[in-house]
Amino acid sequence: MTDLSNGNQQLRQVQNETATQALSVAGAVPGVAYSATAPIAARTPASREEIRQEIRKDNDPQETDEWLDALEGVLTHAGRDRAQFLFDRLAEHARMLGIQSARTRVTPYENTIALEQQGRYPGNIELEEKLAAALRWNALAMVVRANKAYGELGGHIASYASAADLFETGFNHFFRAAAPGAQQGDGGDLVYFQPHSSPGVYARAFLEGFLDEAHLRHYRREIAGPGLCSYPHPWLMPDFWQFPTGSMGIGPINAIYQARFMRYLRNRGLAETDGRTVWGFFGDGEMDEPESIGALSLAAREGLDNLVFVINCNLQRLDGPVRSNGRIVDELEAQFNGAGWNVIKVLWGSDWDALFERDKTGALLHAFAHTVDGQFQTFSANDGAYNRAHFFGQNPALAALVEQMSDDDIDRLRRGGHDARKLYAAYAQARQHRGQPTVILAKTMKGFGMGAAGQGRMTTHQQKKLDVDELKAFRDRFRLPLSDDDVEQLKFYKPAADSPEMQYLHARRAALGGYLPRRRRIATQGLTVPAVSNWAQFALDANDREISTTMALVRMLTALLKDREIGQRIVPIVADEARTFGMANMFRQVGIYSPLGQLYEPEDLGSMLYYREDTRGQILEEGISEAGAVSSWISAATSYSVHDLPMLPFYIYYSMFGFQRIGDLIWAAADQRARGFLVGATAGKTTLGGEGLQHQDGTSHLAASTIPNCRAYDPAFAYEVAAIVDAGMREMVAEQRDVFYYMTVTNENYAQRSVSAATFDALREPILKGMYRLSEGTRPRAARVQLLGSGAILREAIAAQQMLADDWDIDAAVWSVTSFTELQRDGMAAERHARNTGSASGASEQAPIPYVTHTLNATQGPVIAATDYVRAVPELIRAYVPRRYVTLGTDGFGRSDTRSALRAFFEVDRVSIVIAALHALADERAIDRSVVRDAIARYRSGEASDGDAARTPPWQR
């Protein structure tokens with residue numbers, strides 16, 4: 001009994017030290033000297049008892065030992081679950097008594113799942129290792145072949161080398177695919193693949209028969225031949241990749257909101273998603289991105305136990321260790337634990353089990369507690385002899401653990417992320433865990449198996465080429481049946497179709513429902529779009545009622561939510577300030593989604609528009625997280641493919657916080673072929689006047705113009721909004737085309753024009769093309785001018801038309817430009833057609849004429865365009881305007897003031913439009929130059945007392 005007690009005390013001493021490893025490594029424990037650059041043998045604290053006293057404040061060690069012995073007794077006689085219950089109950093009681101916990105969230109540097117909890121491994125390890133070897137070789141071969149031939153294509157060998165076992169454990173035992181004939185919504189598991197490991201996924205698809213050698217030979221060469229894209233890109237490989245993850249940080253946040261959207265679909269009764277798991281495979285370096293960690297608490301708060309993250313802790317980012325002077329595993333454990341996740345660590349492979357069993361003094365845990373990642377990387381990059389001398393040689397206790405092992409045996413000691421048995425146990429526990437999302441922290445070696453060519457090297461990430469000897473060493477390391485000639489020619493290897501390993505591969509996937517990744521291009525059934533008269537007749541019969549286009553859109557959305565077919569498929573999304581956008585009436589109508597329902601009595605319960613949360617609520621209100629809101633939008637906008645369930649999301653937000661703030665996520669949506677509406681509800685730089693610079697948008701339409709499948713519109717009147725929403729719904733959910741719509745609407749109330757049903761039908765096409773003539777002018781005159789206005793500034797153009805007529809006897813036509821982007825794309829298409837057919841631009845027999853050119857050819861006079869966005873937006877169509885073209889925009893920093901003052905400041909108001917028109921006419925000698933000077937004196941006299949301010953353009957002020 002004494003020996004056992006002494007052994008327990010020794011182990012507890014080690015556990016105490018390990019629990020304080022983050023402090024000791026950082027030098028944060030008083031009295032403990034530590035140098036990150038000192039030899040490992042010199043890193044043991046001078047007095048372990050000092051640490052214990054400092055951390056535990058233990059002035060009665062005997063009583064402490066009695067408590068610890070009691071807990072160990074429960075563990076021994078009643079089991080782990082009972083011990084965990086008592087520990088949690090005691091901690092809860094301590095908090096009730098006002099005792100603050102000083103517990104670290106970092107556990108000892110060992111596997112979370114003990115050997116006795118591991119269970120039996122159900123797979124055939126021998127066959128799985130043969131398959132994994134073939135996959136590793138083919139992944140390596142496609143990258144090396146590409147760079148041997150061209151030298152410029154790039155690619156990644158080492159990332160997949162570290163992640164292969166992480167993926168293969170999932171492919172062989174866990175990743176459920178959508179079985180043929182599966183019910184709607186039962187699409188199997190969803191997997192977000194670590195992007196740099198894509199060659200390994202291609203290699204598996206090659207063995208499965210989905211890809212052939214021609215695909216592998218064209219890795220990263222997609223223009224000619226059956227190429228393979230560098231990273232997961234659904235746009236480039238629409239039948240294969242489901243999720244784009246190439247931009248670091250996008251995958252983690254999208255995976256979280258995808259898991260959340262699956263619960264949303266289930267709770268609303270739209271799809272049965274229970275039994276489906278979202279798996280996210282990400283690198284430890286990627287977790288530095290703010291998007292990677294920004295939604296961790298949401299996943300825990302909503303109890304997303306359908307979500308599993310697997311973090312490939314190969315300890316190395318692009319150019320060196322992730323946490324060279326610390327431990328990324330510790331940091332991630334604390335981060336996920338603090339956010340409320342279930343954390344499983346898989347650090348050491350089965351080869352280490354015997355060492356831990358022999359280690360009666362805790363020497364291993366003690367050594368791990370004082371080894372930082374930079375040193376772990378050095379151990380990875382060296383052989384068994386080096387590790388015997390430098391790791392196990394730190395003290396006699398460690399040396400004794402391996403004295404019966406050869407250097408080769410030590411070299412073969414695997415980390416947990418390379419052991420299928422350890423990974424299987426972790427994956428199984430993660431999938432069975434309830435009430436929390438789970439993260440698996442799997443310790444691996446970057447470049448595992450690449451030996452001196454790249455295992456654990458600082459340069460491993462850039463490794464693209466291997467010489468013949470290195471390739472042969474790789475072959476020998478994984479016992480591949482390749483001749484020297486095969487190796488030198490980098491031949492791809494595929495076992496015979498009737499071989500045991502190939503039969504095993506197909507059998508495992510058959511048992512799991514089929515193959516993945518695979519992507520569905522269209523939903524089995526589209527949606528029927530209701531007639532405009534059912535939801536937007538008020539916009540056609542406006543009768544000069546004053547209403548903002550934002551309110552008009554919300555009113556349309558409210559009516560659409562009542563439609564029998566499409567209403568349930570609409571997903572209103574707002575990051576914050578739903579009441580600002582007039583959406584409060586939806587709270588009561590359809591409710592705000594919450595998996596918990598409403599556990600409180602809202603303060604405004606007595607009002608008509610009280611804040612109502614519901615498990616079947618339809619609105620997704622994200623809180624102040626634009627990244628989270630657009631991730632929800634992406635989940636809904638791609639539901640047609642992911643769940644075979646077309647949904648129609650409307651994400652409404654301050655336009656300033658869209659493309660500028662979360663442009664990378666919007667690009668990911670485009671890549672994923674999203675279908676839905678993005679609505680910038682405070683359009684332009686001058687409509688939200690009092691808010692100032694941070695809330696004013698002058699660039700979103702410029703950013704939108706760069707995204708090929710984004711239809712961007714800036715309407716001015718409610719009937720234009722109706723035409724755009726109707727067209728978007730038909731294109732996206734009826735015709736199932738891979739586009740999404742961006743529309744800016746304004747919070748400014750003004751009189752809305754009426755149009756008859758016949759006029760509306762006639763205007764549909766020109767509204768969607770991008771422009772139409774709103775007013776021809778009053779009567780023929782000697783001088784004419786064409787005024788183009790968009791969105792919030794169109795009414796300034798209308799007012800300028802009247803001023804030109806009344807004050808200067810000049811007739812002007814006014815054009816509503818709903819989309820400079822669509823006009824530019826039409827013009828570019830016409831140019832390209834003419835260039836590639838050799839026809840003259842505009843030749844009637846062949847080349848089409850740009851819509852802008854065709855429309856303005858029948859007019860006369862200079863063309864003046866004014867917009868609430870930077871001048872680069874109207875400049876998009878300069879090449880297609882057939883005459884003198886003058887653009888006005890809101891370049892420069894915004895500021896706070898009234899709308900009229902802001903428009904005058906940026907020189908996009910009616911006065912500025914008039915002066916620009918007169919100046920253009922004078923340049924063409926249609927009027928005398930003195931008219932321009934008279935107009936300036938008339939409209940701007942005394943406007944700026946500071947002459948320098950008057951001479952300085954807005955973008956320099």
# chains A, B, ... in the order shown; residues from 1 in each chain; ligands from 1
>>> residues_around(residues="Leu648 in chain A", least_positions_apart="4", cutoff="8 Å", atoms="only C-alpha atoms", output="number ranges by chain")
A: 569-571, 636-637, 675-677, 729, 733
>>> residues_around(residues="range 194-196 of chain A", least_positions_apart="5", cutoff="7 Å", atoms="only C-alpha atoms", output="count of residues only")
9
>>> residues_around(residues="Phe376 in chain A", least_positions_apart="4", cutoff="10 Å", atoms="only C-alpha atoms", output="PyMOL selection string")
chain A and resi 314-315+321+324+327+368+371-372+380-381+391+445+456
>>> write_last_selection(atoms="C-alpha atoms", output="short mmCIF file (atom, residue, chain, number, x, y, z; two decimals), in the first residue's frame")
data_model
loop_
_atom_site.label_atom_id
_atom_site.label_comp_id
_atom_site.auth_asym_id
_atom_site.auth_seq_id
_atom_site.Cartn_x
_atom_site.Cartn_y
_atom_site.Cartn_z
CA ASN A 314 1.34 19.17 -37.63
CA LEU A 315 2.77 22.10 -35.66
CA PRO A 321 6.22 26.14 -36.38
CA SER A 324 7.49 27.50 -31.80
CA ARG A 327 2.29 24.38 -27.81
CA PHE A 368 6.26 16.62 -22.75
CA THR A 371 9.00 20.55 -24.65
CA VAL A 372 7.78 23.30 -26.97
CA SER A 380 10.22 15.13 -36.24
CA ALA A 381 12.96 16.05 -38.67
CA PHE A 391 14.65 13.35 -26.14
CA MET A 445 4.15 15.33 -38.59
CA GLY A 456 9.20 18.17 -40.17
#
>>> residues_around(residues="Asp644 in chain A", least_positions_apart="2", cutoff="8 Å", atoms="only C-alpha atoms", output="short mmCIF file (atom, residue, chain, number, x, y, z; two decimals) with C-alpha atoms, in the first residue's frame")
data_model
loop_
_atom_site.label_atom_id
_atom_site.label_comp_id
_atom_site.auth_asym_id
_atom_site.auth_seq_id
_atom_site.Cartn_x
_atom_site.Cartn_y
_atom_site.Cartn_z
CA GLN A 184 -35.00 14.78 -49.61
CA GLY A 185 -32.67 16.26 -47.03
CA GLY A 187 -27.74 13.78 -48.03
CA ARG A 520 -25.49 17.83 -56.81
CA ILE A 522 -29.57 21.13 -59.31
CA ALA A 523 -32.34 20.24 -56.92
CA THR A 524 -34.70 17.45 -57.84
CA SER A 639 -29.24 24.18 -49.81
CA TYR A 640 -30.49 23.18 -53.26
CA SER A 641 -27.23 21.27 -53.75
CA VAL A 642 -26.28 20.26 -50.20
CA PRO A 646 -34.10 24.90 -52.68
#
>>> select_by_dssp(residues="range 424-506 of chain A", states="helix (DSSP H, G or I)", output="PyMOL selection string")
chain A and resi 424-432+451-453+460-462+468-477+484-488+500-506
>>> closest_residue(among="A:Gln242, A:Thr528, A:Gln537, A:Thr580", to="Asp563 in chain A", atoms="only C-alpha atoms")
A:Thr528
>>> residues_around(residues="range 902-918 of chain A", least_positions_apart="5", cutoff="8 Å", atoms="only C-alpha atoms", output="ChimeraX atom specification")
/A:686,689,785,793,796-797,799-801,803-804,862-864,866-868,886,888-891,895-897,927,931-932,935-936,939,954
>>> write_last_selection(atoms="N, CA and C atoms", output="tab-separated table (two decimals), in the first residue's frame")
chain	number	residue	atom	x	y	z
A	686	THR	N	-24.50	58.71	-49.36
A	686	THR	CA	-25.18	59.92	-48.86
A	686	THR	C	-26.56	59.66	-48.29
A	689	GLY	N	-27.00	59.74	-43.84
A	689	GLY	CA	-26.19	60.93	-43.66
A	689	GLY	C	-25.56	61.12	-42.30
A	785	VAL	N	-29.37	67.10	-73.75
A	785	VAL	CA	-28.40	66.37	-72.93
A	785	VAL	C	-29.10	65.14	-72.35
A	793	ILE	N	-29.51	58.73	-56.35
A	793	ILE	CA	-29.20	59.98	-57.04
A	793	ILE	C	-30.11	60.19	-58.26
A	796	GLU	N	-32.08	63.31	-58.06
A	796	GLU	CA	-31.29	64.51	-58.31
A	796	GLU	C	-31.20	64.78	-59.82
A	797	ALA	N	-31.11	63.71	-60.61
A	797	ALA	CA	-31.09	63.88	-62.07
A	797	ALA	C	-32.44	64.40	-62.56
A	799	ALA	N	-34.50	66.28	-60.85
A	799	ALA	CA	-34.54	67.71	-60.48
A	799	ALA	C	-33.65	68.54	-61.39
A	800	ALA	N	-32.50	68.01	-61.78
A	800	ALA	CA	-31.60	68.72	-62.69
A	800	ALA	C	-32.24	68.92	-64.05
A	801	GLN	N	-33.00	67.93	-64.48
A	801	GLN	CA	-33.73	68.07	-65.75
A	801	GLN	C	-34.65	69.29	-65.71
A	803	MET	N	-34.39	71.93	-63.71
A	803	MET	CA	-33.59	73.15	-63.61
A	803	MET	C	-33.01	73.56	-64.96
A	804	LEU	N	-32.56	72.59	-65.73
A	804	LEU	CA	-32.03	72.90	-67.06
A	804	LEU	C	-33.10	73.51	-67.95
A	862	PRO	N	-24.43	65.42	-75.01
A	862	PRO	CA	-23.53	64.74	-74.08
A	862	PRO	C	-24.31	63.91	-73.06
A	863	VAL	N	-23.63	62.93	-72.49
A	863	VAL	CA	-24.24	62.03	-71.52
A	863	VAL	C	-23.59	62.30	-70.16
A	864	ILE	N	-24.41	62.59	-69.15
A	864	ILE	CA	-23.94	62.87	-67.80
A	864	ILE	C	-24.48	61.77	-66.89
A	866	ALA	N	-24.60	60.24	-62.94
A	866	ALA	CA	-24.38	60.55	-61.53
A	866	ALA	C	-24.85	59.37	-60.68
A	867	THR	N	-24.02	59.04	-59.70
A	867	THR	CA	-24.33	57.90	-58.84
A	867	THR	C	-23.88	58.20	-57.43
A	868	ASP	N	-24.40	57.42	-56.48
A	868	ASP	CA	-24.01	57.57	-55.08
A	868	ASP	C	-22.78	56.74	-54.75
A	886	VAL	N	-19.62	62.17	-69.18
A	886	VAL	CA	-19.14	62.80	-67.95
A	886	VAL	C	-19.71	62.01	-66.77
A	888	LEU	N	-20.07	61.51	-62.49
A	888	LEU	CA	-20.03	62.12	-61.17
A	888	LEU	C	-20.20	61.01	-60.13
A	889	GLY	N	-19.39	61.04	-59.07
A	889	GLY	CA	-19.48	60.01	-58.05
A	889	GLY	C	-19.02	60.51	-56.70
A	890	THR	N	-19.06	59.63	-55.73
A	890	THR	CA	-18.80	60.03	-54.34
A	890	THR	C	-17.43	59.54	-53.88
A	891	ASP	N	-16.40	59.84	-54.64
A	891	ASP	CA	-15.04	59.45	-54.24
A	891	ASP	C	-14.61	60.20	-52.98
A	895	ARG	N	-18.59	61.53	-44.39
A	895	ARG	CA	-18.69	62.29	-43.14
A	895	ARG	C	-20.15	62.45	-42.77
A	896	SER	N	-20.40	63.03	-41.61
A	896	SER	CA	-21.76	63.17	-41.12
A	896	SER	C	-22.34	64.52	-41.52
A	897	ASP	N	-23.54	64.48	-42.05
A	897	ASP	CA	-24.30	65.69	-42.35
A	897	ASP	C	-25.64	65.27	-42.91
A	927	ILE	N	-23.40	75.63	-76.42
A	927	ILE	CA	-23.75	76.85	-75.72
A	927	ILE	C	-22.46	77.63	-75.46
A	931	VAL	N	-22.28	80.76	-70.11
A	931	VAL	CA	-23.45	80.16	-69.44
A	931	VAL	C	-22.99	79.33	-68.24
A	932	VAL	N	-21.87	78.65	-68.39
A	932	VAL	CA	-21.34	77.84	-67.29
A	932	VAL	C	-20.95	78.74	-66.13
A	935	ALA	N	-23.95	79.99	-64.34
A	935	ALA	CA	-24.58	78.96	-63.51
A	935	ALA	C	-23.82	78.77	-62.21
A	936	ILE	N	-22.50	78.77	-62.29
A	936	ILE	CA	-21.70	78.63	-61.08
A	936	ILE	C	-21.96	79.78	-60.12
A	939	TYR	N	-25.65	79.37	-58.66
A	939	TYR	CA	-25.96	78.27	-57.74
A	939	TYR	C	-24.99	78.14	-56.58
A	954	PRO	N	-13.39	66.67	-53.31
A	954	PRO	CA	-13.87	65.97	-52.11
A	954	PRO	C	-12.97	64.84	-51.67
>>> decode(residues="range 517-625 of chain A", atoms="C-alpha atoms", output="PDB file, in the first residue's frame")
ATOM      1  CA  PRO A 517     -16.987  14.193 -52.225  1.00  0.00           C
ATOM      2  CA  ARG A 518     -19.748  14.482 -54.788  1.00  0.00           C
ATOM      3  CA  ARG A 519     -21.907  17.470 -55.577  1.00  0.00           C
ATOM      4  CA  ARG A 520     -25.495  17.833 -56.813  1.00  0.00           C
ATOM      5  CA  ARG A 521     -25.818  20.517 -59.513  1.00  0.00           C
ATOM      6  CA  ILE A 522     -29.566  21.129 -59.308  1.00  0.00           C
ATOM      7  CA  ALA A 523     -32.340  20.243 -56.920  1.00  0.00           C
ATOM      8  CA  THR A 524     -34.701  17.447 -57.843  1.00  0.00           C
ATOM      9  CA  GLN A 525     -37.515  19.948 -58.016  1.00  0.00           C
ATOM     10  CA  GLY A 526     -37.523  23.730 -58.343  1.00  0.00           C
ATOM     11  CA  LEU A 527     -40.040  26.180 -56.899  1.00  0.00           C
ATOM     12  CA  THR A 528     -42.964  27.967 -58.504  1.00  0.00           C
ATOM     13  CA  VAL A 529     -42.654  31.742 -58.267  1.00  0.00           C
ATOM     14  CA  PRO A 530     -45.928  33.603 -57.578  1.00  0.00           C
ATOM     15  CA  ALA A 531     -47.096  36.414 -59.850  1.00  0.00           C
ATOM     16  CA  VAL A 532     -45.885  39.908 -58.997  1.00  0.00           C
ATOM     17  CA  SER A 533     -49.471  41.013 -58.395  1.00  0.00           C
ATOM     18  CA  ASN A 534     -49.635  38.608 -55.441  1.00  0.00           C
ATOM     19  CA  TRP A 535     -46.866  40.272 -53.466  1.00  0.00           C
ATOM     20  CA  ALA A 536     -45.915  43.647 -55.022  1.00  0.00           C
ATOM     21  CA  GLN A 537     -49.022  45.235 -56.509  1.00  0.00           C
ATOM     22  CA  PHE A 538     -48.580  48.152 -54.108  1.00  0.00           C
ATOM     23  CA  ALA A 539     -45.283  48.957 -55.843  1.00  0.00           C
ATOM     24  CA  LEU A 540     -47.000  49.268 -59.206  1.00  0.00           C
ATOM     25  CA  ASP A 541     -49.891  51.297 -57.764  1.00  0.00           C
ATOM     26  CA  ALA A 542     -47.702  53.578 -55.655  1.00  0.00           C
ATOM     27  CA  ASN A 543     -49.587  56.819 -56.492  1.00  0.00           C
ATOM     28  CA  ASP A 544     -46.705  58.981 -55.238  1.00  0.00           C
ATOM     29  CA  ARG A 545     -46.895  57.555 -51.718  1.00  0.00           C
ATOM     30  CA  GLU A 546     -43.710  58.332 -49.830  1.00  0.00           C
ATOM     31  CA  ILE A 547     -41.864  55.199 -48.876  1.00  0.00           C
ATOM     32  CA  SER A 548     -38.244  54.082 -48.967  1.00  0.00           C
ATOM     33  CA  THR A 549     -37.159  51.291 -51.255  1.00  0.00           C
ATOM     34  CA  THR A 550     -35.929  49.434 -48.169  1.00  0.00           C
ATOM     35  CA  MET A 551     -39.441  49.481 -46.727  1.00  0.00           C
ATOM     36  CA  ALA A 552     -40.854  48.513 -50.104  1.00  0.00           C
ATOM     37  CA  LEU A 553     -38.582  45.476 -50.229  1.00  0.00           C
ATOM     38  CA  VAL A 554     -39.481  44.437 -46.677  1.00  0.00           C
ATOM     39  CA  ARG A 555     -43.165  44.773 -47.511  1.00  0.00           C
ATOM     40  CA  MET A 556     -42.661  42.537 -50.548  1.00  0.00           C
ATOM     41  CA  LEU A 557     -40.784  40.036 -48.437  1.00  0.00           C
ATOM     42  CA  THR A 558     -43.564  40.034 -45.849  1.00  0.00           C
ATOM     43  CA  ALA A 559     -46.080  39.203 -48.559  1.00  0.00           C
ATOM     44  CA  LEU A 560     -43.872  36.498 -50.066  1.00  0.00           C
ATOM     45  CA  LEU A 561     -43.596  34.812 -46.666  1.00  0.00           C
ATOM     46  CA  LYS A 562     -47.342  34.194 -46.845  1.00  0.00           C
ATOM     47  CA  ASP A 563     -47.168  32.394 -50.190  1.00  0.00           C
ATOM     48  CA  ARG A 564     -48.150  28.739 -49.865  1.00  0.00           C
ATOM     49  CA  GLU A 565     -45.254  27.252 -51.817  1.00  0.00           C
ATOM     50  CA  ILE A 566     -42.362  29.639 -51.672  1.00  0.00           C
ATOM     51  CA  GLY A 567     -43.128  31.241 -48.308  1.00  0.00           C
ATOM     52  CA  GLN A 568     -41.693  28.421 -46.188  1.00  0.00           C
ATOM     53  CA  ARG A 569     -38.516  28.386 -48.273  1.00  0.00           C
ATOM     54  CA  ILE A 570     -37.662  32.045 -47.711  1.00  0.00           C
ATOM     55  CA  VAL A 571     -34.957  32.675 -45.113  1.00  0.00           C
ATOM     56  CA  PRO A 572     -34.832  36.289 -43.865  1.00  0.00           C
ATOM     57  CA  ILE A 573     -31.360  36.962 -42.425  1.00  0.00           C
ATOM     58  CA  VAL A 574     -30.190  40.049 -40.583  1.00  0.00           C
ATOM     59  CA  ALA A 575     -26.984  40.627 -38.655  1.00  0.00           C
ATOM     60  CA  ASP A 576     -28.382  43.385 -36.455  1.00  0.00           C
ATOM     61  CA  GLU A 577     -30.910  46.247 -36.385  1.00  0.00           C
ATOM     62  CA  ALA A 578     -33.824  44.416 -37.959  1.00  0.00           C
ATOM     63  CA  ARG A 579     -36.075  47.148 -36.593  1.00  0.00           C
ATOM     64  CA  THR A 580     -33.988  49.780 -38.435  1.00  0.00           C
ATOM     65  CA  PHE A 581     -34.808  47.995 -41.672  1.00  0.00           C
ATOM     66  CA  GLY A 582     -38.514  47.805 -40.828  1.00  0.00           C
ATOM     67  CA  MET A 583     -38.504  44.065 -40.215  1.00  0.00           C
ATOM     68  CA  ALA A 584     -40.095  44.146 -36.758  1.00  0.00           C
ATOM     69  CA  ASN A 585     -43.450  43.046 -38.144  1.00  0.00           C
ATOM     70  CA  MET A 586     -41.801  39.754 -39.153  1.00  0.00           C
ATOM     71  CA  PHE A 587     -40.972  38.968 -35.515  1.00  0.00           C
ATOM     72  CA  ARG A 588     -44.585  38.173 -34.814  1.00  0.00           C
ATOM     73  CA  GLN A 589     -45.391  36.875 -38.281  1.00  0.00           C
ATOM     74  CA  VAL A 590     -42.733  34.173 -38.609  1.00  0.00           C
ATOM     75  CA  GLY A 591     -40.577  34.455 -35.469  1.00  0.00           C
ATOM     76  CA  ILE A 592     -36.841  34.498 -34.885  1.00  0.00           C
ATOM     77  CA  TYR A 593     -35.163  31.102 -34.953  1.00  0.00           C
ATOM     78  CA  SER A 594     -33.803  29.814 -31.650  1.00  0.00           C
ATOM     79  CA  PRO A 595     -33.197  26.137 -30.866  1.00  0.00           C
ATOM     80  CA  LEU A 596     -34.219  26.876 -27.266  1.00  0.00           C
ATOM     81  CA  GLY A 597     -37.421  28.702 -28.094  1.00  0.00           C
ATOM     82  CA  GLN A 598     -38.067  31.654 -25.780  1.00  0.00           C
ATOM     83  CA  LEU A 599     -37.082  31.079 -22.165  1.00  0.00           C
ATOM     84  CA  TYR A 600     -38.005  34.571 -21.002  1.00  0.00           C
ATOM     85  CA  GLU A 601     -40.849  37.065 -21.162  1.00  0.00           C
ATOM     86  CA  PRO A 602     -39.782  39.770 -23.620  1.00  0.00           C
ATOM     87  CA  GLU A 603     -39.846  43.315 -22.299  1.00  0.00           C
ATOM     88  CA  ASP A 604     -42.048  44.424 -25.219  1.00  0.00           C
ATOM     89  CA  LEU A 605     -44.522  41.545 -24.959  1.00  0.00           C
ATOM     90  CA  GLY A 606     -47.457  43.946 -24.829  1.00  0.00           C
ATOM     91  CA  SER A 607     -46.630  45.564 -28.157  1.00  0.00           C
ATOM     92  CA  MET A 608     -47.880  44.460 -31.548  1.00  0.00           C
ATOM     93  CA  LEU A 609     -44.359  43.821 -32.790  1.00  0.00           C
ATOM     94  CA  TYR A 610     -42.818  42.109 -29.786  1.00  0.00           C
ATOM     95  CA  TYR A 611     -39.535  40.216 -30.009  1.00  0.00           C
ATOM     96  CA  ARG A 612     -40.554  36.585 -30.498  1.00  0.00           C
ATOM     97  CA  GLU A 613     -38.075  33.698 -30.557  1.00  0.00           C
ATOM     98  CA  ASP A 614     -39.244  30.242 -31.567  1.00  0.00           C
ATOM     99  CA  THR A 615     -37.746  26.818 -32.310  1.00  0.00           C
ATOM    100  CA  ARG A 616     -39.638  26.976 -35.613  1.00  0.00           C
ATOM    101  CA  GLY A 617     -38.799  30.620 -36.210  1.00  0.00           C
ATOM    102  CA  GLN A 618     -37.946  31.594 -39.766  1.00  0.00           C
ATOM    103  CA  ILE A 619     -35.735  34.672 -39.309  1.00  0.00           C
ATOM    104  CA  LEU A 620     -32.035  34.104 -38.711  1.00  0.00           C
ATOM    105  CA  GLU A 621     -30.897  37.065 -36.634  1.00  0.00           C
ATOM    106  CA  GLU A 622     -27.187  36.632 -36.129  1.00  0.00           C
ATOM    107  CA  GLY A 623     -26.213  39.386 -33.744  1.00  0.00           C
ATOM    108  CA  ILE A 624     -23.391  41.694 -34.742  1.00  0.00           C
ATOM    109  CA  SER A 625     -21.528  39.288 -36.992  1.00  0.00           C
TER     110      SER A 625
END
